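Comments concern the structure below.
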2 protein chains.
Amino acid sequence: MYVAEILTVGNEILSGRTVNTNASHIARRLTSLGFAVRRMTVVMDDVREISQAFSEIFSRKPNLVVSTGGLGPTYDDRTAEGLANAVGLPLVYNEEALRQIKEKYDKLNLDLTEERKKMALMPKGSMPVENDKGIAPGIYLQYQGIEILATPGVPREMEAVLEVFISRYLKQRPNVAYVEDSVVVDGVMESTIAPHIAKLVKKYDLYIKTHPKGYELSNPTLEIQIAGSSDSAEKIVEKVRKCKEEIIALVRELGGTIRTQ
Amino acid sequence: MYVAEILTVGNEILSGRTVNTNASHIARRLTSLGFAVRRMTVVMDDVREISQAFSEIFSRKPNLVVSTGGLGPTYDDRTAEGLANAVGLPLVYNEEALRQIKEKYDKLNLDLTEERKKMALMPKGSMPVENDKGIAPGIYLQYQGIEILATPGVPREMEAVLEVFISRYLKQRPNVAYVEDSVVVDGVMESTIAPHIAKLVKKYDLYIKTHPKGYELSNPTLEIQIAGSSDSAEKIVEKVRKCKEEIIALVRELGGTIRTQ
């Protein structure tokens with residue numbers, strides 16, 4: 001089992017001003033690669049909070065940590081510093097990052113001010129991860145067997161840096177196939193199907209979850225999600241297919257109808 | 001300063017299948033009341049993970065913890081159990097919760113099965129918080145001076161339970177006024193305005209944050225958020241107004257234009 005954690009840095013998430021779609025994107029992408037995302041954390045733009053959160057994550061020994069936010073040019077972008085503190089390494093100008101940043105501003109004849117240079121500050125020994133949708137590069141670091149990627153908080157930049165990281169840097173890759181499927185059913189209450197689902201989970205060792213979409217009592221609609229991963233793509237596809245068939249039969253037995261499958 | 005934390009329980013958030021809009025809603029609502037939401041956490045539908053997360057939150061001594069998810073009738077709804085473990089209290093059937101649940105199923109001549117009764121299991125001494133959009137009541141508990149509210153994960157049910165809690169149960173209320181405003185500007189790079197914003201933050205002791213909406217180099221658009229709270233509504237309104245005026249003047253000096261204010 002390859003375990004990942006996601007850290008989001010940003011007061012705008014904590015105030016509810018911004019929905020944390022970045023964490024969802026990273027989670028979907030890592031799940032599709034076969035990682036189990038075990039925890040998500042959101043902390044303020046505060047260097048002690050960031051450092052504390054990284055330290056707590058490291059103590060749980062995941063294989064991979066992806067952070068988003070706090071890599072820009074402003075005073076409240078403190079992720080690089082928080083990460084440096086957590087791994088006990090000095091924060092230094094990364095030459096390659098500085099070169100990438102300078103090149104971008106040079107094209108517009110703009111000076112490399114302190115604020116712009118700041119985006120090249122990384123824990124010593126980090127690898128910058130190219131950001132082709134913005135300025136601040138991502139930060140890739142290995143620490144006690146944990147791979148760490150820090151990405152910017154602007155969604156398109158986060159996505160770009162994440163993809164470069166996955167294709168060029170990520171070392172620990174789950175050798176599993178992940179399959180997910182779902183059925184939407186009408187006319188069965190979540191509380192009615194619950195004991196049957198519990199039995200199917202045991203029987204198939206799959207992740208099965210009912211997502212209520214309608215009204216439990218008057219007009220119940222459920223999306224039933226079935227997911228699992230395995231070393232063998234063939235095996236997991238077959239297992240999910242069989243389980244889904246059994247769920248469809250079960251729903252009909254309970255008087256429900258299948259809306260989509 | 002009244003500090004709150006938010007805990008979301010649900011594998012569907014960790015797989016990226018569902019965006020954590022519940023946490024955002026709770027955050028917005030608590031921020032509007034004057035709370036500082038210091039951290040958000042998302043954990044799996046696993047009783048040890050839930051219990052561990054609650055314990056970690058309690059160790060940081062917030063005034064208020066709001067959780068969402070894991071209160072339904074299914075085998076993987078484990079929040080009540082995780083909370084009971086974290087506070088060291090037995091999980092018992094709450095008579096009032098049982099009455100509320102029975103009443104809802106009685107109306108449809110439905111039996112109170114084990115799965116349905118399960119929604120009345122709460123840490124001993126909890127207060128059920130009425131859920132008028134669904135079945136599972138919320139759970140209100142006080143522990144070591146911390147107020148804890150557990151809400152269901154279905155958004156409309158979470159919202160309903162949260163509002164009942166705020167209007168009828170919440171004891172620790174910040175006596176502050178919270179004000180938030182913003183300006184959208186074109187033609188100023190985030191890295192250009194960054195040192196000026198840093199000075200304004202010091203001058204006004206307000207939360208000022210630049211949210212890049214365009215492209216830093218070719219076509220920069222920034223939303224500049226200004227927020228703060230104070231004992232005096234009059235004072236904070238005036239402070240945010242003055243700071244906003246200064247930002248608008250600054251943007252014009254830097255060659256930018258005001259899109260909306």
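Ligands are numbered from 1 in the order shown, chains are lettered A, B, ... in the order of the structure tokens, and residues start at 1 in each chain.
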
Within 10 Å of A:Gly10, counting only C-alpha atoms, which residues show up once you throw out same-chain ones fewer than 2 positions away? Write them as a PyMOL selection string, please.
(chain A and resi 7-8+12-15+18+20+42-46+50+68-70+76-79+153) or (chain B and resi 209)

Store the residues of this selection in a file with C-alpha atoms, as a PDB file, in the first residue's frame.
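Just written: out_5.pdb:
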```
ATOM      1  CA  LEU A   7      -1.330  19.600   2.681  1.00  0.00           C
ATOM      2  CA  THR A   8      -3.057  22.812   1.599  1.00  0.00           C
ATOM      3  CA  GLU A  12      -8.586  31.720   2.043  1.00  0.00           C
ATOM      4  CA  ILE A  13      -9.460  28.015   2.438  1.00  0.00           C
ATOM      5  CA  LEU A  14      -9.782  28.320   6.227  1.00  0.00           C
ATOM      6  CA  SER A  15     -12.079  31.343   5.995  1.00  0.00           C
ATOM      7  CA  THR A  18     -12.179  29.442  -1.489  1.00  0.00           C
ATOM      8  CA  ASN A  20     -10.313  23.432  -1.701  1.00  0.00           C
ATOM      9  CA  VAL A  42      -5.282  22.682   5.657  1.00  0.00           C
ATOM     10  CA  VAL A  43      -3.231  25.235   7.596  1.00  0.00           C
ATOM     11  CA  MET A  44      -2.818  29.011   7.665  1.00  0.00           C
ATOM     12  CA  ASP A  45      -0.165  31.037   5.824  1.00  0.00           C
ATOM     13  CA  ASP A  46       1.971  30.915   8.944  1.00  0.00           C
ATOM     14  CA  ILE A  50       3.138  24.964   8.029  1.00  0.00           C
ATOM     15  CA  THR A  68      -0.269  23.230  -2.549  1.00  0.00           C
ATOM     16  CA  GLY A  69      -0.120  26.974  -1.894  1.00  0.00           C
ATOM     17  CA  GLY A  70       2.348  29.396  -0.364  1.00  0.00           C
ATOM     18  CA  ASP A  76       2.554  35.491   3.226  1.00  0.00           C
ATOM     19  CA  ASP A  77       3.931  32.779   0.921  1.00  0.00           C
ATOM     20  CA  ARG A  78       5.812  30.738   3.523  1.00  0.00           C
ATOM     21  CA  THR A  79       5.665  27.101   2.433  1.00  0.00           C
ATOM     22  CA  GLY A 153      -1.700  27.377  -5.123  1.00  0.00           C
TER      23      GLY A 153
ATOM     24  CA  LYS B 209      -4.288  38.784   0.352  1.00  0.00           C
TER      25      LYS B 209
END
```

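Residue-level contact on chain A: within 6 Å of chain B, counting only C-alpha atoms, the set is A:Leu14, A:Ser15, A:Gly16, A:Val19, A:Ser24, A:Ala27, A:Arg28, A:Thr31, A:Val37, A:Arg39, A:Met40, A:Thr41, A:Val42, A:Val43, A:Pro73, A:Thr74, A:Tyr75, A:Ser191, A:Ala194, A:Ala198.
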
For the residues selected in the previous step, produce a file with N, CA, C and O atoms as a CSV table (one decimal), in the first residue's frame.
```csv
chain,number,residue,atom,x,y,z
A,14,LEU,N,-9.3,28.4,4.8
A,14,LEU,CA,-9.8,28.3,6.2
A,14,LEU,C,-10.9,29.3,6.5
A,14,LEU,O,-11.7,29.1,7.4
A,15,SER,N,-11.0,30.4,5.8
A,15,SER,CA,-12.1,31.3,6.0
A,15,SER,C,-13.3,30.9,5.2
A,15,SER,O,-14.4,31.5,5.3
A,16,GLY,N,-13.2,29.9,4.4
A,16,GLY,CA,-14.3,29.4,3.5
A,16,GLY,C,-14.5,30.2,2.3
A,16,GLY,O,-15.4,30.0,1.5
A,19,VAL,N,-13.1,27.3,-2.1
A,19,VAL,CA,-13.3,25.8,-1.9
A,19,VAL,C,-12.0,25.1,-2.3
A,19,VAL,O,-11.3,25.5,-3.2
A,24,SER,N,-8.7,18.2,-4.0
A,24,SER,CA,-9.5,17.2,-4.7
A,24,SER,C,-8.8,16.8,-6.0
A,24,SER,O,-8.7,15.6,-6.3
A,27,ALA,N,-5.9,14.6,-5.0
A,27,ALA,CA,-6.4,13.4,-4.5
A,27,ALA,C,-6.8,12.4,-5.7
A,27,ALA,O,-6.5,11.3,-5.7
A,28,ARG,N,-7.6,13.0,-6.6
A,28,ARG,CA,-8.0,12.2,-7.8
A,28,ARG,C,-6.8,11.6,-8.5
A,28,ARG,O,-6.8,10.5,-8.9
A,31,THR,N,-4.9,9.0,-6.5
A,31,THR,CA,-5.8,7.8,-6.4
A,31,THR,C,-5.7,7.0,-7.7
A,31,THR,O,-5.6,5.8,-7.7
A,37,VAL,N,-4.8,8.0,-0.5
A,37,VAL,CA,-4.7,9.3,0.2
A,37,VAL,C,-5.3,9.1,1.6
A,37,VAL,O,-6.5,8.9,1.7
A,39,ARG,N,-4.8,11.2,4.4
A,39,ARG,CA,-5.3,12.4,5.1
A,39,ARG,C,-5.0,13.7,4.3
A,39,ARG,O,-4.1,13.8,3.5
A,40,MET,N,-5.9,14.6,4.5
A,40,MET,CA,-5.7,16.0,4.0
A,40,MET,C,-5.7,17.0,5.2
A,40,MET,O,-6.5,16.8,6.1
A,41,THR,N,-4.8,17.9,5.1
A,41,THR,CA,-4.7,19.0,6.1
A,41,THR,C,-4.7,20.3,5.5
A,41,THR,O,-4.2,20.5,4.4
A,42,VAL,N,-5.3,21.3,6.1
A,42,VAL,CA,-5.3,22.7,5.7
A,42,VAL,C,-4.8,23.5,6.8
A,42,VAL,O,-5.3,23.5,7.9
A,43,VAL,N,-3.7,24.3,6.6
A,43,VAL,CA,-3.2,25.2,7.6
A,43,VAL,C,-3.1,26.7,7.0
A,43,VAL,O,-3.1,26.9,5.8
A,73,PRO,N,5.4,35.1,-4.6
A,73,PRO,CA,6.3,36.2,-4.3
A,73,PRO,C,5.9,37.0,-3.0
A,73,PRO,O,6.7,37.9,-2.6
A,74,THR,N,4.7,36.8,-2.5
A,74,THR,CA,4.3,37.7,-1.4
A,74,THR,C,4.8,37.3,0.0
A,74,THR,O,5.2,36.2,0.2
A,75,TYR,N,4.7,38.3,0.9
A,75,TYR,CA,5.1,38.1,2.3
A,75,TYR,C,4.5,36.9,3.0
A,75,TYR,O,5.0,36.4,3.9
A,191,SER,N,-30.7,3.2,4.6
A,191,SER,CA,-30.8,2.4,5.8
A,191,SER,C,-31.3,1.0,5.5
A,191,SER,O,-31.0,0.1,6.3
A,194,ALA,N,-28.2,-0.8,3.8
A,194,ALA,CA,-26.9,-0.8,4.6
A,194,ALA,C,-26.4,-2.2,5.1
A,194,ALA,O,-25.3,-2.5,4.8
A,198,ALA,N,-22.8,-4.0,3.8
A,198,ALA,CA,-21.8,-4.4,4.8
A,198,ALA,C,-21.3,-5.8,4.5
A,198,ALA,O,-20.2,-6.1,4.5
```

Would you kindly return, as a list in words, each protein, DNA or RNA residue with an atom no farther than 9 Å from any atom of stretch 171-179 of chain B, considering only C-alpha atoms and excluding same-chain residues fewer than 6 positions away?
Met1, Tyr2, Thr31, Ser32, Leu33, Gly34, Phe35, Asn63, Leu64, Glu147, Ile226, Ala227, Gly228, Ser229, Ser230, Asp231, Ser232, Ala233, Glu234, Ile236, Val237 and Val240 of chain B

Could you give me the residues within stretch 73-176 of chain A that DSSP places in alpha helix (DSSP H), as a PyMOL selection string?
chain A and resi 79-87+95-106+114-117+155-168

Using the selection just defined, write its residues with N, CA and C atoms as an mmCIF file, in the first residue's frame.
```
data_model
loop_
_atom_site.group_PDB
_atom_site.id
_atom_site.type_symbol
_atom_site.label_atom_id
_atom_site.label_comp_id
_atom_site.auth_asym_id
_atom_site.auth_seq_id
_atom_site.Cartn_x
_atom_site.Cartn_y
_atom_site.Cartn_z
ATOM 1 N N THR A 79 5.572 28.566 2.441
ATOM 2 C CA THR A 79 5.665 27.101 2.433
ATOM 3 C C THR A 79 7.108 26.596 2.378
ATOM 4 N N ALA A 80 7.954 27.236 1.546
ATOM 5 C CA ALA A 80 9.344 26.783 1.417
ATOM 6 C C ALA A 80 10.049 26.859 2.773
ATOM 7 N N GLU A 81 9.790 27.960 3.491
ATOM 8 C CA GLU A 81 10.415 28.156 4.803
ATOM 9 C C GLU A 81 9.885 27.127 5.818
ATOM 10 N N GLY A 82 8.572 26.926 5.801
ATOM 11 C CA GLY A 82 7.980 25.951 6.720
ATOM 12 C C GLY A 82 8.506 24.546 6.461
ATOM 13 N N LEU A 83 8.658 24.199 5.184
ATOM 14 C CA LEU A 83 9.178 22.880 4.809
ATOM 15 C C LEU A 83 10.636 22.747 5.244
ATOM 16 N N ALA A 84 11.435 23.800 5.013
ATOM 17 C CA ALA A 84 12.848 23.781 5.413
ATOM 18 C C ALA A 84 12.972 23.541 6.917
ATOM 19 N N ASN A 85 12.153 24.234 7.692
ATOM 20 C CA ASN A 85 12.179 24.037 9.153
ATOM 21 C C ASN A 85 11.823 22.599 9.524
ATOM 22 N N ALA A 86 10.802 22.067 8.851
ATOM 23 C CA ALA A 86 10.330 20.718 9.208
ATOM 24 C C ALA A 86 11.374 19.648 8.907
ATOM 25 N N VAL A 87 12.151 19.832 7.831
ATOM 26 C CA VAL A 87 13.162 18.823 7.485
ATOM 27 C C VAL A 87 14.528 19.185 8.066
ATOM 28 N N GLU A 95 19.957 27.464 -7.500
ATOM 29 C CA GLU A 95 20.512 28.078 -8.720
ATOM 30 C C GLU A 95 19.648 27.800 -9.942
ATOM 31 N N GLU A 96 19.200 26.566 -10.075
ATOM 32 C CA GLU A 96 18.398 26.193 -11.244
ATOM 33 C C GLU A 96 17.044 26.919 -11.214
ATOM 34 N N ALA A 97 16.467 27.026 -10.027
ATOM 35 C CA ALA A 97 15.185 27.741 -9.895
ATOM 36 C C ALA A 97 15.370 29.212 -10.246
ATOM 37 N N LEU A 98 16.465 29.785 -9.756
ATOM 38 C CA LEU A 98 16.761 31.187 -10.020
ATOM 39 C C LEU A 98 16.914 31.426 -11.531
ATOM 40 N N ARG A 99 17.554 30.471 -12.191
ATOM 41 C CA ARG A 99 17.752 30.567 -13.632
ATOM 42 C C ARG A 99 16.398 30.543 -14.357
ATOM 43 N N GLN A 100 15.519 29.611 -13.936
ATOM 44 C CA GLN A 100 14.192 29.510 -14.574
ATOM 45 C C GLN A 100 13.385 30.797 -14.375
ATOM 46 N N ILE A 101 13.440 31.335 -13.152
ATOM 47 C CA ILE A 101 12.668 32.538 -12.834
ATOM 48 C C ILE A 101 13.221 33.744 -13.589
ATOM 49 N N LYS A 102 14.554 33.882 -13.582
ATOM 50 C CA LYS A 102 15.203 35.011 -14.261
ATOM 51 C C LYS A 102 14.846 35.006 -15.748
ATOM 52 N N GLU A 103 14.881 33.841 -16.341
ATOM 53 C CA GLU A 103 14.590 33.696 -17.771
ATOM 54 C C GLU A 103 13.185 34.236 -18.089
ATOM 55 N N LYS A 104 12.234 33.929 -17.221
ATOM 56 C CA LYS A 104 10.854 34.369 -17.455
ATOM 57 C C LYS A 104 10.715 35.891 -17.360
ATOM 58 N N TYR A 105 11.348 36.500 -16.340
ATOM 59 C CA TYR A 105 11.249 37.957 -16.194
ATOM 60 C C TYR A 105 12.105 38.674 -17.244
ATOM 61 N N ASP A 106 13.260 38.061 -17.622
ATOM 62 C CA ASP A 106 14.149 38.652 -18.628
ATOM 63 C C ASP A 106 13.414 38.924 -19.942
ATOM 64 N N GLU A 114 13.780 41.378 -5.047
ATOM 65 C CA GLU A 114 13.815 40.441 -3.916
ATOM 66 C C GLU A 114 12.587 39.529 -3.912
ATOM 67 N N GLU A 115 11.406 40.130 -4.183
ATOM 68 C CA GLU A 115 10.164 39.353 -4.168
ATOM 69 C C GLU A 115 10.182 38.263 -5.242
ATOM 70 N N ARG A 116 10.779 38.599 -6.386
ATOM 71 C CA ARG A 116 10.825 37.608 -7.476
ATOM 72 C C ARG A 116 11.855 36.525 -7.178
ATOM 73 N N LYS A 117 13.004 36.942 -6.640
ATOM 74 C CA LYS A 117 14.063 35.973 -6.275
ATOM 75 C C LYS A 117 13.575 35.007 -5.190
ATOM 76 N N PRO A 155 -4.533 27.066 -9.344
ATOM 77 C CA PRO A 155 -4.864 25.717 -9.806
ATOM 78 C C PRO A 155 -4.120 25.265 -11.072
ATOM 79 N N ARG A 156 -4.087 26.103 -12.113
ATOM 80 C CA ARG A 156 -3.431 25.622 -13.337
ATOM 81 C C ARG A 156 -1.937 25.410 -13.136
ATOM 82 N N GLU A 157 -1.325 26.196 -12.236
ATOM 83 C CA GLU A 157 0.100 26.009 -11.947
ATOM 84 C C GLU A 157 0.323 24.748 -11.120
ATOM 85 N N MET A 158 -0.554 24.524 -10.151
ATOM 86 C CA MET A 158 -0.473 23.305 -9.342
ATOM 87 C C MET A 158 -0.574 22.075 -10.240
ATOM 88 N N GLU A 159 -1.570 22.107 -11.163
ATOM 89 C CA GLU A 159 -1.774 20.957 -12.052
ATOM 90 C C GLU A 159 -0.555 20.721 -12.942
ATOM 91 N N ALA A 160 0.000 21.821 -13.474
ATOM 92 C CA ALA A 160 1.160 21.701 -14.376
ATOM 93 C C ALA A 160 2.357 21.118 -13.633
ATOM 94 N N VAL A 161 2.630 21.648 -12.450
ATOM 95 C CA VAL A 161 3.784 21.177 -11.671
ATOM 96 C C VAL A 161 3.576 19.712 -11.257
ATOM 97 N N LEU A 162 2.350 19.362 -10.883
ATOM 98 C CA LEU A 162 2.058 17.981 -10.485
ATOM 99 C C LEU A 162 2.313 17.006 -11.638
ATOM 100 N N GLU A 163 1.882 17.401 -12.840
ATOM 101 C CA GLU A 163 2.078 16.507 -13.995
ATOM 102 C C GLU A 163 3.562 16.333 -14.333
ATOM 103 N N VAL A 164 4.324 17.433 -14.263
ATOM 104 C CA VAL A 164 5.774 17.332 -14.520
ATOM 105 C C VAL A 164 6.408 16.413 -13.480
ATOM 106 N N PHE A 165 5.987 16.575 -12.233
ATOM 107 C CA PHE A 165 6.519 15.744 -11.147
ATOM 108 C C PHE A 165 6.226 14.265 -11.402
ATOM 109 N N ILE A 166 4.967 13.962 -11.747
ATOM 110 C CA ILE A 166 4.576 12.557 -11.951
ATOM 111 C C ILE A 166 5.347 11.949 -13.119
ATOM 112 N N SER A 167 5.494 12.720 -14.192
ATOM 113 C CA SER A 167 6.136 12.123 -15.366
ATOM 114 C C SER A 167 7.657 12.062 -15.248
ATOM 115 N N ARG A 168 8.283 12.980 -14.478
ATOM 116 C CA ARG A 168 9.751 13.014 -14.480
ATOM 117 C C ARG A 168 10.440 12.666 -13.173
#
```

Could you work out how far atom CA of B:Val3 lies from atom CA of B:Pro62, giving the answer in Å with one decimal?
5.0 Å

Within 6 Å of B:Val66 using only C-alpha atoms, minus same-chain residues under 6 positions, as a PyMOL selection string:
chain B and resi 6+148-150

Go ahead and save the picked residues with N, CA and C atoms, as a tab-separated table (two decimals), in the first residue's frame.
```
chain	number	residue	atom	x	y	z
B	6	ILE	N	-12.11	22.32	11.91
B	6	ILE	CA	-13.12	21.57	11.16
B	6	ILE	C	-12.55	20.21	10.79
B	148	ILE	N	-18.02	20.77	20.93
B	148	ILE	CA	-17.88	19.87	19.79
B	148	ILE	C	-19.25	19.65	19.16
B	149	LEU	N	-19.33	19.86	17.85
B	149	LEU	CA	-20.56	19.53	17.12
B	149	LEU	C	-20.21	18.57	16.00
B	150	ALA	N	-20.87	17.41	15.98
B	150	ALA	CA	-20.73	16.48	14.85
B	150	ALA	C	-21.97	16.59	13.99
```

When DSSP works through the backbone of this structure, what residues of stretch 124-219 of chain B end up as strand (DSSP E or B), shown as a ChimeraX atom specification?
/B:127-129,138-143,146-151,177-186,207-212,215,219

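Nearest residue to B:Gln144, choosing from B:Glu56, B:Lys242, B:Lys61, B:Arg259 and counting only C-alpha atoms: B:Lys61.
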
Which distance in Å separates atom CA of B:Pro90 and atom CA of B:Pro123, to one decimal?
5.6 Å

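Atom to atom, atom CA of B:Val65 and atom CA of A:Pro152 stand 28.6 Å apart.
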